[in-house]
$ cat my_file26.tsv   # TSV, C-alpha atoms
chain	number	residue	atom	x	y	z
T	103	MET	CA	8.53	5.85	32.19
T	104	PRO	CA	10.93	3.94	29.93
T	105	ALA	CA	9.46	1.55	27.35
T	106	ASP	CA	10.71	-1.56	25.59
T	107	LEU	CA	9.92	-0.24	22.11
T	108	ALA	CA	9.64	3.00	20.16
T	109	VAL	CA	7.79	2.90	16.85
T	110	ILE	CA	8.90	5.91	14.81
T	111	GLY	CA	6.29	6.94	12.27
T	112	LEU	CA	2.63	6.28	13.05
T	113	GLY	CA	1.38	5.71	9.53
T	114	HIS	CA	0.24	2.64	7.62
T	115	LEU	CA	3.36	0.70	8.72
T	116	GLY	CA	3.93	1.95	12.24
T	117	LEU	CA	0.42	1.77	13.67
T	118	PRO	CA	-0.16	-1.96	12.92
T	119	LEU	CA	3.31	-2.76	14.27
T	120	ALA	CA	2.57	-0.86	17.47
T	121	GLN	CA	-0.74	-2.70	17.74
T	122	ALA	CA	0.98	-6.08	17.41
T	123	ALA	CA	3.64	-5.10	19.97
T	124	VAL	CA	1.08	-3.95	22.54
T	125	ALA	CA	-0.91	-7.15	22.00
T	126	ALA	CA	2.30	-9.11	22.70
T	127	GLY	CA	2.72	-7.28	26.01
T	128	ILE	CA	5.56	-5.00	24.89
T	129	GLU	CA	5.66	-1.55	26.49
T	130	THR	CA	5.42	0.69	23.42
T	131	VAL	CA	5.65	4.38	22.63
T	132	GLY	CA	4.73	5.73	19.23
T	133	TYR	CA	6.63	8.78	17.98
T	134	ASP	CA	5.47	11.03	15.17
T	135	THR	CA	6.29	14.65	14.45
T	136	ASP	CA	2.76	15.29	13.19
T	137	PRO	CA	0.75	16.71	16.12
T	138	ARG	CA	-2.49	15.72	14.41
T	139	ALA	CA	-1.57	12.04	14.53
T	140	HIS	CA	-0.79	12.36	18.23
T	141	ALA	CA	-4.04	14.20	18.93
T	142	GLU	CA	-6.16	11.66	17.03
T	143	LEU	CA	-4.53	8.71	18.79
T	144	ALA	CA	-4.72	10.32	22.22
T	145	ALA	CA	-8.45	10.82	21.61
T	146	GLY	CA	-8.89	7.15	20.71
T	147	ARG	CA	-9.21	7.68	16.95
T	148	THR	CA	-7.09	6.40	14.08
T	149	PRO	CA	-5.15	9.03	12.10
T	150	VAL	CA	-4.71	6.73	9.10
T	151	GLU	CA	-7.71	5.71	6.99
T	152	GLY	CA	-8.02	1.97	6.53
T	153	SER	CA	-5.30	1.14	9.06
T	154	LEU	CA	-6.89	0.52	12.45
T	155	THR	CA	-10.38	1.07	13.79
T	156	ALA	CA	-11.19	3.38	16.69
T	157	SER	CA	-11.79	0.33	18.89
T	158	ASP	CA	-8.33	-0.98	17.93
T	159	VAL	CA	-6.79	2.32	19.05
T	160	ARG	CA	-8.72	2.31	22.32
T	161	ARG	CA	-7.52	-1.22	23.06
T	162	MET	CA	-3.94	-0.14	22.36
T	163	LEU	CA	-4.25	2.82	24.72
T	164	SER	CA	-5.76	0.69	27.47
T	165	GLY	CA	-2.91	-1.77	26.89
T	166	GLY	CA	-0.32	0.91	27.66
T	167	PHE	CA	0.44	2.37	24.23
T	168	ARG	CA	1.69	5.97	24.50
T	169	PRO	CA	1.68	8.21	21.41
T	170	THR	CA	4.09	11.13	21.68
T	171	THR	CA	5.65	14.02	19.78
T	172	ASP	CA	8.50	14.30	22.30
T	173	PRO	CA	11.75	12.97	20.75
T	174	ALA	CA	13.23	12.54	24.24
T	175	GLU	CA	11.17	9.35	24.49
T	176	LEU	CA	13.41	7.80	21.83
T	177	GLY	CA	16.36	7.76	24.24
T	178	ARG	CA	14.58	5.56	26.76
T	179	VAL	CA	13.92	2.37	24.81
T	180	ARG	CA	15.72	-0.89	24.14
T	181	THR	CA	14.41	-1.24	20.57
T	182	ALA	CA	13.50	1.42	18.00
T	183	VAL	CA	11.75	0.59	14.73
T	184	ILE	CA	11.76	3.19	11.96
T	185	CYS	CA	8.51	3.05	9.97
T	186	ALA	CA	8.72	6.37	8.12
T	187	PRO	CA	7.01	6.54	4.70
T	188	THR	CA	9.14	6.47	1.53
T	189	PRO	CA	6.74	7.51	-1.24
T	190	LEU	CA	7.62	7.48	-4.90
T	191	GLY	CA	8.66	10.92	-6.11
T	192	ASP	CA	7.97	12.61	-9.43
T	193	ASP	CA	11.24	11.21	-10.78
T	194	ARG	CA	10.10	7.67	-9.83
T	195	THR	CA	12.73	7.36	-7.10
T	196	LEU	CA	11.90	6.87	-3.45
T	197	ASP	CA	11.59	10.07	-1.42
T	198	LEU	CA	13.72	9.52	1.69
T	199	THR	CA	12.90	12.86	3.35
T	200	ALA	CA	10.68	11.46	6.11
T	201	LEU	CA	13.02	8.50	6.64
T	202	THR	CA	16.02	10.83	6.97
T	203	ASP	CA	14.20	13.07	9.46
T	204	ALA	CA	13.11	10.08	11.55
T	205	THR	CA	16.64	8.69	11.59
T	206	ARG	CA	18.14	12.01	12.68
T	207	ALA	CA	15.58	12.34	15.47
T	208	LEU	CA	16.57	8.90	16.75
T	209	ALA	CA	20.32	9.49	16.27
T	210	ALA	CA	20.34	12.55	18.52
T	211	ARG	CA	19.08	10.43	21.41
T	212	LEU	CA	20.43	6.98	20.62
T	213	ARG	CA	21.82	5.10	23.60
T	214	PRO	CA	24.41	2.30	23.58
T	215	HIS	CA	23.07	-1.26	23.16
T	216	THR	CA	19.85	-0.11	21.48
T	217	THR	CA	18.59	-2.28	18.62
T	218	VAL	CA	17.57	-0.14	15.63
T	219	LEU	CA	15.32	-1.77	13.05
T	220	VAL	CA	14.17	-0.33	9.72
T	221	GLU	CA	10.83	-1.35	8.23
T	222	SER	CA	10.51	1.48	5.71
T	223	ALA	CA	10.59	0.32	2.08
T	224	VAL	CA	14.01	1.27	0.72
T	225	GLN	CA	16.33	0.43	-2.12
T	226	PRO	CA	19.09	-2.10	-1.41
T	227	GLY	CA	22.04	-0.44	0.29
T	228	THR	CA	20.02	2.31	2.01
T	229	THR	CA	20.18	0.94	5.55
T	230	GLU	CA	23.96	0.63	5.45
T	231	GLY	CA	24.80	3.47	3.08
T	232	HIS	CA	22.34	6.12	4.22
T	233	ILE	CA	20.79	5.29	7.60
T	234	ARG	CA	23.90	3.93	9.28
T	235	PRO	CA	26.02	7.09	8.69
T	236	LEU	CA	23.17	9.30	9.96
T	237	LEU	CA	22.87	7.24	13.13
T	238	GLU	CA	26.62	7.14	13.73
T	239	GLU	CA	27.22	10.83	13.05
T	240	GLY	CA	24.27	11.93	15.15
T	241	SER	CA	25.03	9.70	18.12
T	242	GLY	CA	28.80	9.26	18.10
T	243	LEU	CA	28.16	5.51	18.41
T	244	ARG	CA	29.33	2.75	16.09
T	245	ALA	CA	26.84	0.41	14.40
T	246	GLY	CA	27.52	-3.25	15.11
T	247	ARG	CA	29.63	-2.38	18.13
T	248	ASP	CA	27.79	0.22	20.25
T	249	PHE	CA	24.29	-0.31	18.85
T	250	LEU	CA	22.67	-2.98	16.67
T	251	LEU	CA	21.24	-2.32	13.21
T	252	ALA	CA	18.98	-4.48	11.04
T	253	HIS	CA	16.40	-4.25	8.28
T	254	ALA	CA	13.02	-6.02	8.37
T	255	PRO	CA	10.85	-5.37	5.29
T	256	SER	CA	7.19	-4.94	6.10
T	257	ARG	CA	4.79	-7.63	4.92
T	258	LEU	CA	1.62	-5.87	5.92
T	259	ASP	CA	-1.51	-6.63	3.90
T	260	PRO	CA	-4.15	-4.08	4.97
T	261	GLY	CA	-7.54	-5.59	5.66
T	262	ASN	CA	-6.27	-9.16	5.56
T	263	ARG	CA	-7.62	-10.87	8.67
T	264	THR	CA	-6.11	-14.25	7.76
T	265	HIS	CA	-2.47	-13.22	7.50
T	266	VAL	CA	-1.61	-10.88	10.37
T	267	HIS	CA	1.60	-10.08	12.26
T	268	ALA	CA	1.35	-13.21	14.38
T	269	ASN	CA	1.27	-15.74	11.53
T	270	THR	CA	3.16	-13.92	8.77
T	271	PRO	CA	6.86	-14.87	8.63
T	272	ARG	CA	9.18	-11.90	9.02
T	273	VAL	CA	12.44	-11.55	7.09
T	274	ILE	CA	15.29	-9.87	8.95
T	275	GLY	CA	18.86	-9.08	8.00
T	276	GLY	CA	21.46	-7.43	10.23
T	277	LEU	CA	24.67	-5.53	9.77
T	278	THR	CA	26.42	-8.29	11.74
T	279	PRO	CA	25.32	-11.75	12.92
T	280	VAL	CA	24.74	-10.30	16.40
T	281	CYS	CA	22.51	-7.60	14.88
T	282	THR	CA	20.55	-10.29	13.05
T	283	GLU	CA	20.01	-12.32	16.20
T	284	SER	CA	18.89	-9.28	18.18
T	285	ALA	CA	16.34	-8.44	15.46
T	286	ALA	CA	15.22	-12.08	15.39
T	287	ALA	CA	14.69	-12.02	19.15
T	288	PHE	CA	12.46	-8.94	18.86
T	289	TYR	CA	10.34	-10.15	15.95
T	290	GLY	CA	10.15	-13.59	17.53
T	291	ARG	CA	7.90	-11.95	20.14
T	292	LEU	CA	5.48	-10.82	17.41
T	293	THR	CA	5.38	-13.66	14.89
T	294	ASP	CA	5.50	-17.44	14.73
T	295	LYS	CA	8.38	-17.54	12.25
T	296	VAL	CA	11.47	-15.42	11.63
T	297	VAL	CA	13.50	-15.86	8.44
T	298	ARG	CA	17.14	-14.74	8.61
T	299	ALA	CA	18.55	-13.13	5.48
T	300	ARG	CA	22.30	-13.16	4.85
T	301	GLY	CA	22.54	-9.42	5.49
T	302	LEU	CA	20.98	-5.98	5.19
T	303	ARG	CA	20.86	-5.86	1.41
T	304	GLU	CA	19.31	-9.28	1.05
T	305	ALA	CA	16.54	-8.23	3.44
T	306	GLU	CA	16.02	-4.96	1.55
T	307	MET	CA	15.98	-6.73	-1.81
T	308	THR	CA	13.33	-9.15	-0.56
T	309	LYS	CA	10.82	-6.29	-0.46
T	310	VAL	CA	11.87	-5.16	-3.93
T	311	LEU	CA	11.31	-8.65	-5.32
T	312	GLU	CA	7.96	-9.13	-3.58
T	313	THR	CA	6.59	-5.77	-4.70
T	314	ASN	CA	7.84	-6.06	-8.27
T	315	PHE	CA	6.46	-9.62	-8.47
T	316	ARG	CA	2.99	-8.22	-7.74
T	317	HIS	CA	3.23	-5.37	-10.23
T	318	VAL	CA	4.70	-7.46	-13.06
T	319	ASN	CA	2.02	-10.14	-12.70
T	320	ILE	CA	-0.80	-7.60	-12.51
T	321	ALA	CA	0.61	-6.01	-15.66
T	322	LEU	CA	0.52	-9.42	-17.38
T	323	VAL	CA	-3.18	-9.96	-16.62
T	324	ASN	CA	-3.96	-6.33	-17.49
T	325	GLU	CA	-2.50	-6.92	-20.94
T	326	MET	CA	-4.42	-10.18	-21.15
T	327	ALA	CA	-7.61	-8.28	-20.26
T	328	VAL	CA	-7.19	-5.93	-23.21
T	329	LEU	CA	-6.33	-8.81	-25.58
T	330	CYS	CA	-9.22	-10.99	-24.39
T	331	HIS	CA	-11.69	-8.14	-24.81
T	332	ASP	CA	-10.51	-7.62	-28.40
T	333	LEU	CA	-10.84	-11.37	-29.09
T	334	GLY	CA	-14.19	-11.73	-27.35
T	335	VAL	CA	-12.74	-14.08	-24.73
T	336	ASP	CA	-13.90	-14.13	-21.09
T	337	LEU	CA	-10.63	-13.59	-19.24
T	338	TRP	CA	-12.15	-14.25	-15.82
T	339	ASP	CA	-13.24	-17.68	-16.97
T	340	VAL	CA	-9.73	-18.26	-18.33
T	341	ILE	CA	-8.23	-17.34	-14.93
T	342	ARG	CA	-10.76	-19.59	-13.17
T	343	CYS	CA	-9.62	-22.50	-15.29
T	344	ALA	CA	-5.90	-21.70	-15.11
T	345	GLU	CA	-5.84	-21.46	-11.32
T	346	THR	CA	-6.84	-25.11	-11.04
T	347	LYS	CA	-3.29	-25.97	-12.09
T	348	PRO	CA	-1.58	-27.17	-8.89
T	349	PHE	CA	1.90	-26.00	-9.87
T	350	GLY	CA	3.62	-23.24	-11.81
T	351	PHE	CA	0.72	-20.76	-11.73
T	352	GLN	CA	-0.53	-18.12	-9.31
T	353	ALA	CA	-3.73	-16.26	-10.10
T	354	PHE	CA	-3.66	-12.47	-10.42
T	355	ARG	CA	-6.62	-10.43	-11.62
T	356	PRO	CA	-6.82	-7.31	-13.76
T	357	GLY	CA	-8.19	-3.98	-12.66
T	358	PRO	CA	-8.34	-0.27	-13.50
T	359	GLY	CA	-4.86	0.30	-12.05
T	360	VAL	CA	-2.54	-0.76	-9.26
T	361	GLY	CA	-2.93	1.04	-5.95
T	362	GLY	CA	-1.44	0.60	-2.53
T	363	HIS	CA	1.57	1.75	-0.56
T	364	GLY	CA	4.01	-0.75	-2.09
T	365	VAL	CA	5.52	0.83	-5.18
T	366	PRO	CA	7.53	-0.99	-7.86
T	367	VAL	CA	11.22	-0.31	-7.34
T	368	ASP	CA	13.97	-0.50	-9.94
T	369	PRO	CA	17.32	-0.66	-8.07
T	370	GLY	CA	19.23	0.42	-11.17
T	371	ARG	CA	17.53	3.81	-11.14
T	372	LEU	CA	18.07	4.59	-7.49
T	373	PRO	CA	20.91	6.49	-5.80
T	374	TYR	CA	21.83	3.90	-3.15
T	375	HIS	CA	22.50	0.78	-5.17
T	376	SER	CA	25.18	-1.90	-5.12
T	377	ARG	CA	28.88	-1.47	-5.83
T	378	THR	CA	28.54	-1.77	-9.61
T	379	PRO	CA	26.23	0.57	-11.53
T	380	GLY	CA	22.89	-1.08	-12.17
T	381	HIS	CA	20.77	-1.10	-15.29
T	382	PRO	CA	17.05	-0.38	-15.23
T	383	LEU	CA	14.98	-3.54	-14.89
T	384	ARG	CA	13.20	-3.52	-18.23
T	385	MET	CA	10.51	-5.93	-17.08
T	386	VAL	CA	9.63	-3.69	-14.12
T	387	ALA	CA	9.63	-0.55	-16.27
T	388	LEU	CA	7.39	-2.22	-18.84
T	389	ALA	CA	5.02	-3.46	-16.13
T	390	GLN	CA	4.75	0.07	-14.74
T	391	GLU	CA	4.04	1.41	-18.22
T	392	ILE	CA	1.28	-1.16	-18.78
T	393	ASN	CA	-0.35	-0.56	-15.39
T	394	ASP	CA	-0.14	3.23	-15.84
T	395	ARG	CA	-2.14	2.85	-19.08
T	396	MET	CA	-5.08	1.10	-17.42
T	397	PRO	CA	-6.98	4.23	-16.28
T	398	GLN	CA	-6.89	5.53	-19.85
T	399	TYR	CA	-8.09	2.13	-21.10
T	400	VAL	CA	-11.02	2.31	-18.67
T	401	ILE	CA	-11.90	5.77	-20.05
T	402	GLN	CA	-11.69	4.38	-23.59
T	403	ARG	CA	-14.09	1.57	-22.67
T	404	CYS	CA	-16.45	4.08	-21.04
T	405	ALA	CA	-16.49	6.25	-24.16
T	406	THR	CA	-17.06	3.25	-26.42
T	407	LEU	CA	-19.94	1.90	-24.33
T	408	LEU	CA	-21.65	5.27	-24.19
T	409	ASN	CA	-21.18	5.77	-27.91
T	410	GLU	CA	-22.66	2.33	-28.65
T	411	HIS	CA	-25.76	3.46	-26.76
T	412	GLY	CA	-26.02	6.75	-28.64
T	413	LYS	CA	-24.46	8.94	-25.97
T	414	SER	CA	-21.39	11.12	-25.71
T	415	VAL	CA	-19.06	11.29	-22.71
T	416	ARG	CA	-19.64	15.05	-22.64
T	417	GLY	CA	-22.70	15.65	-20.53
T	418	ALA	CA	-23.09	11.97	-19.62
T	419	ARG	CA	-23.91	11.11	-16.01
T	420	VAL	CA	-21.17	8.72	-14.84
T	421	LEU	CA	-21.24	7.04	-11.43
T	422	LEU	CA	-18.00	5.58	-10.03
T	423	LEU	CA	-18.41	2.80	-7.47
T	424	GLY	CA	-15.58	2.24	-4.99
T	425	VAL	CA	-12.75	4.79	-4.98
T	426	THR	CA	-10.35	3.04	-2.58
T	427	TYR	CA	-7.36	1.01	-3.71
T	428	LYS	CA	-8.49	-2.16	-1.95
T	429	PRO	CA	-11.91	-3.66	-1.15
T	430	ASP	CA	-13.49	-3.08	2.25
T	431	LEU	CA	-10.95	-0.45	3.33
T	432	ALA	CA	-11.02	3.35	3.38
T	433	ASP	CA	-7.41	3.67	2.15
T	434	GLN	CA	-7.20	5.55	-1.15
T	435	GLU	CA	-3.41	5.35	-1.61
T	436	ALA	CA	-2.57	5.41	-5.35
T	437	SER	CA	-6.12	4.39	-6.28
T	438	ALA	CA	-6.81	4.60	-10.01
T	439	ALA	CA	-10.20	6.16	-9.26
T	440	ARG	CA	-8.79	9.67	-8.93
T	441	GLU	CA	-7.14	9.65	-12.38
T	442	ILE	CA	-10.24	8.12	-13.96
T	443	ALA	CA	-12.47	10.77	-12.40
T	444	SER	CA	-10.07	13.50	-13.48
T	445	ARG	CA	-10.11	12.31	-17.10
T	446	LEU	CA	-13.89	12.03	-17.12
T	447	LEU	CA	-14.21	15.58	-15.82
T	448	ASP	CA	-11.83	16.78	-18.54
T	449	MET	CA	-14.12	15.17	-21.11
T	450	GLY	CA	-17.17	16.96	-19.72
T	451	ALA	CA	-18.84	14.06	-17.91
T	452	GLN	CA	-21.07	14.75	-14.91
T	453	THR	CA	-19.13	12.53	-12.52
T	454	GLY	CA	-20.35	11.29	-9.16
T	455	TYR	CA	-19.27	8.50	-6.87
T	456	HIS	CA	-20.36	6.10	-4.17
T	457	ASP	CA	-18.16	4.40	-1.60
T	458	PRO	CA	-19.35	3.14	1.80
T	459	TYR	CA	-15.92	3.89	3.28
T	460	VAL	CA	-15.34	7.36	1.79
T	461	LEU	CA	-17.86	10.02	2.78
T	462	ASP	CA	-15.99	12.94	1.22
T	463	TRP	CA	-13.92	12.66	-1.96
T	464	ARG	CA	-12.05	15.36	-3.79
T	465	VAL	CA	-10.36	15.41	-7.19
T	466	ARG	CA	-8.06	18.33	-7.98
T	467	ASP	CA	-9.15	19.81	-4.66
T	468	LEU	CA	-12.74	19.94	-5.89
T	469	PRO	CA	-15.50	17.92	-4.20
T	470	VAL	CA	-17.04	15.08	-6.21
T	471	PRO	CA	-20.77	14.62	-5.55
T	472	ARG	CA	-21.51	11.54	-3.46
T	473	ALA	CA	-24.58	9.43	-4.17
T	474	ASP	CA	-26.78	9.02	-1.11
T	475	SER	CA	-29.05	6.38	-2.60
T	476	LEU	CA	-26.92	3.88	-4.50
T	477	TYR	CA	-29.67	2.18	-6.53
T	478	GLU	CA	-31.35	5.46	-7.40
T	479	ALA	CA	-28.02	6.93	-8.52
T	480	ALA	CA	-27.22	3.85	-10.62
T	481	SER	CA	-30.62	3.93	-12.32
T	482	ASN	CA	-30.22	7.64	-13.11
T	483	ALA	CA	-26.63	7.40	-14.36
T	484	ASP	CA	-25.94	6.88	-18.05
T	485	LEU	CA	-22.98	4.72	-17.06
T	486	THR	CA	-22.00	3.09	-13.78
T	487	VAL	CA	-18.38	1.95	-13.41
T	488	LEU	CA	-17.40	-0.54	-10.72
T	489	LEU	CA	-13.82	0.36	-9.75
T	490	GLN	CA	-13.66	-1.45	-6.41
T	491	HIS	CA	-15.69	-4.44	-5.28
T	492	HIS	CA	-16.70	-3.74	-1.69
T	493	ARG	CA	-18.57	-6.61	-0.04
T	494	THR	CA	-21.51	-4.34	0.76
T	495	TYR	CA	-22.32	-3.96	-2.95
T	496	ASP	CA	-25.17	-6.14	-4.20
T	497	LEU	CA	-23.81	-6.48	-7.71
T	498	GLN	CA	-26.71	-8.53	-8.99
T	499	GLY	CA	-29.11	-5.82	-7.86
T	500	LEU	CA	-26.89	-3.11	-9.30
T	501	ALA	CA	-26.72	-4.89	-12.64
T	502	VAL	CA	-30.51	-4.79	-12.79
T	503	LYS	CA	-30.81	-1.14	-11.72
T	504	ALA	CA	-27.96	0.35	-13.76
T	505	GLN	CA	-28.68	1.56	-17.28
T	506	LEU	CA	-25.17	0.56	-18.29
T	507	LEU	CA	-22.60	-1.13	-16.04
T	508	LEU	CA	-18.85	-1.51	-16.66
T	509	ASP	CA	-17.24	-3.96	-14.24
T	510	THR	CA	-13.45	-3.45	-14.02
T	511	ARG	CA	-13.06	-6.17	-11.37
T	512	GLY	CA	-14.84	-9.13	-12.94
T	513	ALA	CA	-17.07	-9.33	-9.87
T	514	THR	CA	-20.51	-9.37	-11.49
T	515	PRO	CA	-22.15	-12.59	-12.67
T	516	ALA	CA	-21.27	-13.55	-16.23
T	517	GLY	CA	-23.42	-11.63	-18.72
T	518	ALA	CA	-24.75	-9.21	-16.10
T	519	ALA	CA	-22.42	-6.36	-17.06
T	520	HIS	CA	-19.72	-5.31	-19.46
T	521	ARG	CA	-16.39	-6.52	-18.08
T	522	LEU	CA	-12.97	-4.98	-18.41
$ encode --input "my_file26.tsv" --output "structure tokens"
Amino acid sequence: MPADLAVIGLGHLGLPLAQAAVAAGIETVGYDTDPRAHAELAAGRTPVEGSLTASDVRRMLSGGFRPTTDPAELGRVRTAVICAPTPLGDDRTLDLTALTDATRALAARLRPHTTVLVESAVQPGTTEGHIRPLLEEGSGLRAGRDFLLAHAPSRLDPGNRTHVHANTPRVIGGLTPVCTESAAAFYGRLTDKVVRARGLREAEMTKVLETNFRHVNIALVNEMAVLCHDLGVDLWDVIRCAETKPFGFQAFRPGPGVGGHGVPVDPGRLPYHSRTPGHPLRMVALAQEINDRMPQYVIQRCATLLNEHGKSVRGARVLLLGVTYKPDLADQEASAAREIASRLLDMGAQTGYHDPYVLDWRVRDLPVPRADSLYEAASNADLTVLLQHHRTYDLQGLAVKAQLLLDTRGATPAGAAHRL
């Protein structure tokens, strides 16, 4: 049966979009080349940790959602949204492999009058300079004339139950005004507000600005955390006071690193940039450098605390609490916990962990022992390090039980633990 919508890529972007579309009454198919994702969804389970629950998936299936690995389904829809992942590669540029494969799969079956939307995070110029040629060459159709093309940067905030698809404004920018209006008509079925950008590159750059804004501001408070510790100043109290200012300030909080799927992007370093050669954004590069140093700073604080209590890192029992990148989710994408655990193991620490959302955790392909009894593990550990503040943690109780507690999130009551 034909459907109104094909979501291409059933990962952390595609699944929530498909969920929102099904909830809005849109006949939706979900295409992914990974047979495991299809099998998990068909069985009523989520293939992506921290994305949807099993009950969410079952509701989608009962609402008509059809996961598939058959690319022929892509030629039977009115709208196709590409949600392929674009992870950061070793050279700190976006890896477009999955995006290119998804685009080619769609191009081979693209029909006239189809609206093609791109939600994947990309550098400005990618939709027009990379995706458009692939679609045109693979289909023999012309963008803006035979099919419609637009970019709509994702604004997904995993675990946020206040700001969801329905009440989060969506930015869209098309190749032509008609493309923009077609995209606006689609997203208008999912959200209360659609914001029209001037074009494709403005829509793409919106994501770059939003992501870099987060990373730069987290880097600022991470530097402030180090400075305040050296000066004996309570940074969390400073932030509490500063955020009472009704203008010109937005509170960000420090942590052991910056995780998540949104990566800081420097357009000047990327292959598909604007007409004139760009220069690296020094502020973004510096922010990345600062945030990349935070795991090592956490290790330094661990070593200092242990030393102050007459213990060495080598042989010390260290318990890591919360190994996900965000509280109350199972998603571990780019979590600083893995690097911190790796460094502790290198230094000879007996490292264990506890996380209510992660039952099996591996570092360098080796299993890390999981604590079954949280309070018993904390009382036996020489050092307990809070890396993620899950709501299930009774931090007051942990502060009493733990021999030594380092709080990297500023979540414990003042004076109850050593803070980052």
$ closest_residue --input "my_file26.tsv" --among "T:Ala436, T:Leu488, T:Leu461, T:Leu446" --to "Gly512 of chain T" --atoms "only C-alpha atoms"
T:Leu488
$ atom_distance --input "my_file26.tsv" --atom1 "atom CA of Cys343 of chain T" --atom2 "atom CA of Val328 of chain T"
18.5 Å
$ atom_distance --input "my_file26.tsv" --atom1 "atom CA of Gly362 of chain T" --atom2 "atom CA of Pro255 of chain T"
15.7 Å
$ closest_residue --input "my_file26.tsv" --among "T:Ala405, T:Ala327, T:Ala479, T:Leu447" --to "Leu522 of chain T" --atoms "only C-alpha atoms"
T:Ala327
$ residues_near_point --input "my_file26.tsv" --point "(6.8, 9.0, -4.6)" --cutoff "12 Å" --atoms "all atoms listed in the file" --output "compact mmCIF listing (two decimals) with C-alpha atoms, in the coordinates of the input"
# COMPACT_ATOMS: atom_id res chain seq x y z
CA PRO T 187 7.01 6.54 4.70
CA THR T 188 9.14 6.47 1.53
CA PRO T 189 6.74 7.51 -1.24
CA LEU T 190 7.62 7.48 -4.90
CA GLY T 191 8.66 10.92 -6.11
CA ASP T 192 7.97 12.61 -9.43
CA ASP T 193 11.24 11.21 -10.78
CA ARG T 194 10.10 7.67 -9.83
CA THR T 195 12.73 7.36 -7.10
CA LEU T 196 11.90 6.87 -3.45
CA ASP T 197 11.59 10.07 -1.42
CA LEU T 198 13.72 9.52 1.69
CA THR T 199 12.90 12.86 3.35
CA ALA T 200 10.68 11.46 6.11
CA ALA T 223 10.59 0.32 2.08
CA VAL T 224 14.01 1.27 0.72
CA GLY T 362 -1.44 0.60 -2.53
CA HIS T 363 1.57 1.75 -0.56
CA GLY T 364 4.01 -0.75 -2.09
CA VAL T 365 5.52 0.83 -5.18
CA PRO T 366 7.53 -0.99 -7.86
CA VAL T 367 11.22 -0.31 -7.34
CA GLU T 435 -3.41 5.35 -1.61
CA ALA T 436 -2.57 5.41 -5.35
$ closest_residue --input "my_file26.tsv" --among "T:Arg291, T:Arg300, T:Arg263, T:Arg493" --to "Thr278 of chain T" --atoms "all atoms listed in the file"
T:Arg300
$ atom_distance --input "my_file26.tsv" --atom1 "atom CA of Trp463 of chain T" --atom2 "atom CA of Ile401 of chain T"
19.5 Å
$ residues_around --input "my_file26.tsv" --residues "Val296 of chain T" --least-positions-apart "2" --cutoff "9 Å" --atoms "only C-alpha atoms" --output "PyMOL selection string"
chain T and resi 270-274+286-287+289-290+293-294+298
$ residues_around --input "my_file26.tsv" --residues "Pro515 of chain T" --least-positions-apart "4" --cutoff "12 Å" --atoms "all atoms listed in the file" --output "CSV table (one decimal) with C-alpha atoms, in the frame of the given file"
chain,number,residue,atom,x,y,z
T,336,ASP,CA,-13.9,-14.1,-21.1
T,338,TRP,CA,-12.2,-14.2,-15.8
T,339,ASP,CA,-13.2,-17.7,-17.0
T,496,ASP,CA,-25.2,-6.1,-4.2
T,497,LEU,CA,-23.8,-6.5,-7.7
T,498,GLN,CA,-26.7,-8.5,-9.0
T,499,GLY,CA,-29.1,-5.8,-7.9
T,500,LEU,CA,-26.9,-3.1,-9.3
T,501,ALA,CA,-26.7,-4.9,-12.6
T,502,VAL,CA,-30.5,-4.8,-12.8
T,507,LEU,CA,-22.6,-1.1,-16.0
T,509,ASP,CA,-17.2,-4.0,-14.2
T,511,ARG,CA,-13.1,-6.2,-11.4
T,519,ALA,CA,-22.4,-6.4,-17.1
T,520,HIS,CA,-19.7,-5.3,-19.5
T,521,ARG,CA,-16.4,-6.5,-18.1
$ closest_residue --input "my_file26.tsv" --among "T:Ser437, T:Thr202, T:Ser241, T:Ser164" --to "Gly177 of chain T" --atoms "all atoms listed in the file"
T:Ser241
$ closest_residue --input "my_file26.tsv" --among "T:Thr205, T:Asn314, T:Asn482, T:Thr514" --to "Pro235 of chain T" --atoms "only C-alpha atoms"
T:Thr205
$ closest_residue --input "my_file26.tsv" --among "T:Leu407, T:Val460, T:Ala321, T:Val280" --to "Gly301 of chain T" --atoms "all atoms listed in the file"
T:Val280
$ residues_around --input "my_file26.tsv" --residues "segment 452-455 of chain T" --least-positions-apart "5" --cutoff "8 Å" --atoms "only C-alpha atoms" --output "ChimeraX atom specification"
/T:416-425,443,446-447,470-473
$ residues_around --input "my_file26.tsv" --residues "Val465 of chain T" --least-positions-apart "3" --cutoff "10 Å" --atoms "only C-alpha atoms" --output "count of residues only"
10
$ axis_aligned_box --input "my_file26.tsv" --around "segment 196-211 of chain T" --padding-each-side "3 Å" --output "AutoDock Vina command-line options"
--center_x 15.5 --center_y 10.0 --center_z 9.0 --size_x 15.7 --size_y 12.2 --size_z 30.9
$ residues_near_point --input "my_file26.tsv" --point "(12.8, 0.2, 12.5)" --cutoff "6 Å" --atoms "all atoms listed in the file" --output "PyMOL selection string"
chain T and resi 182-185+218-221
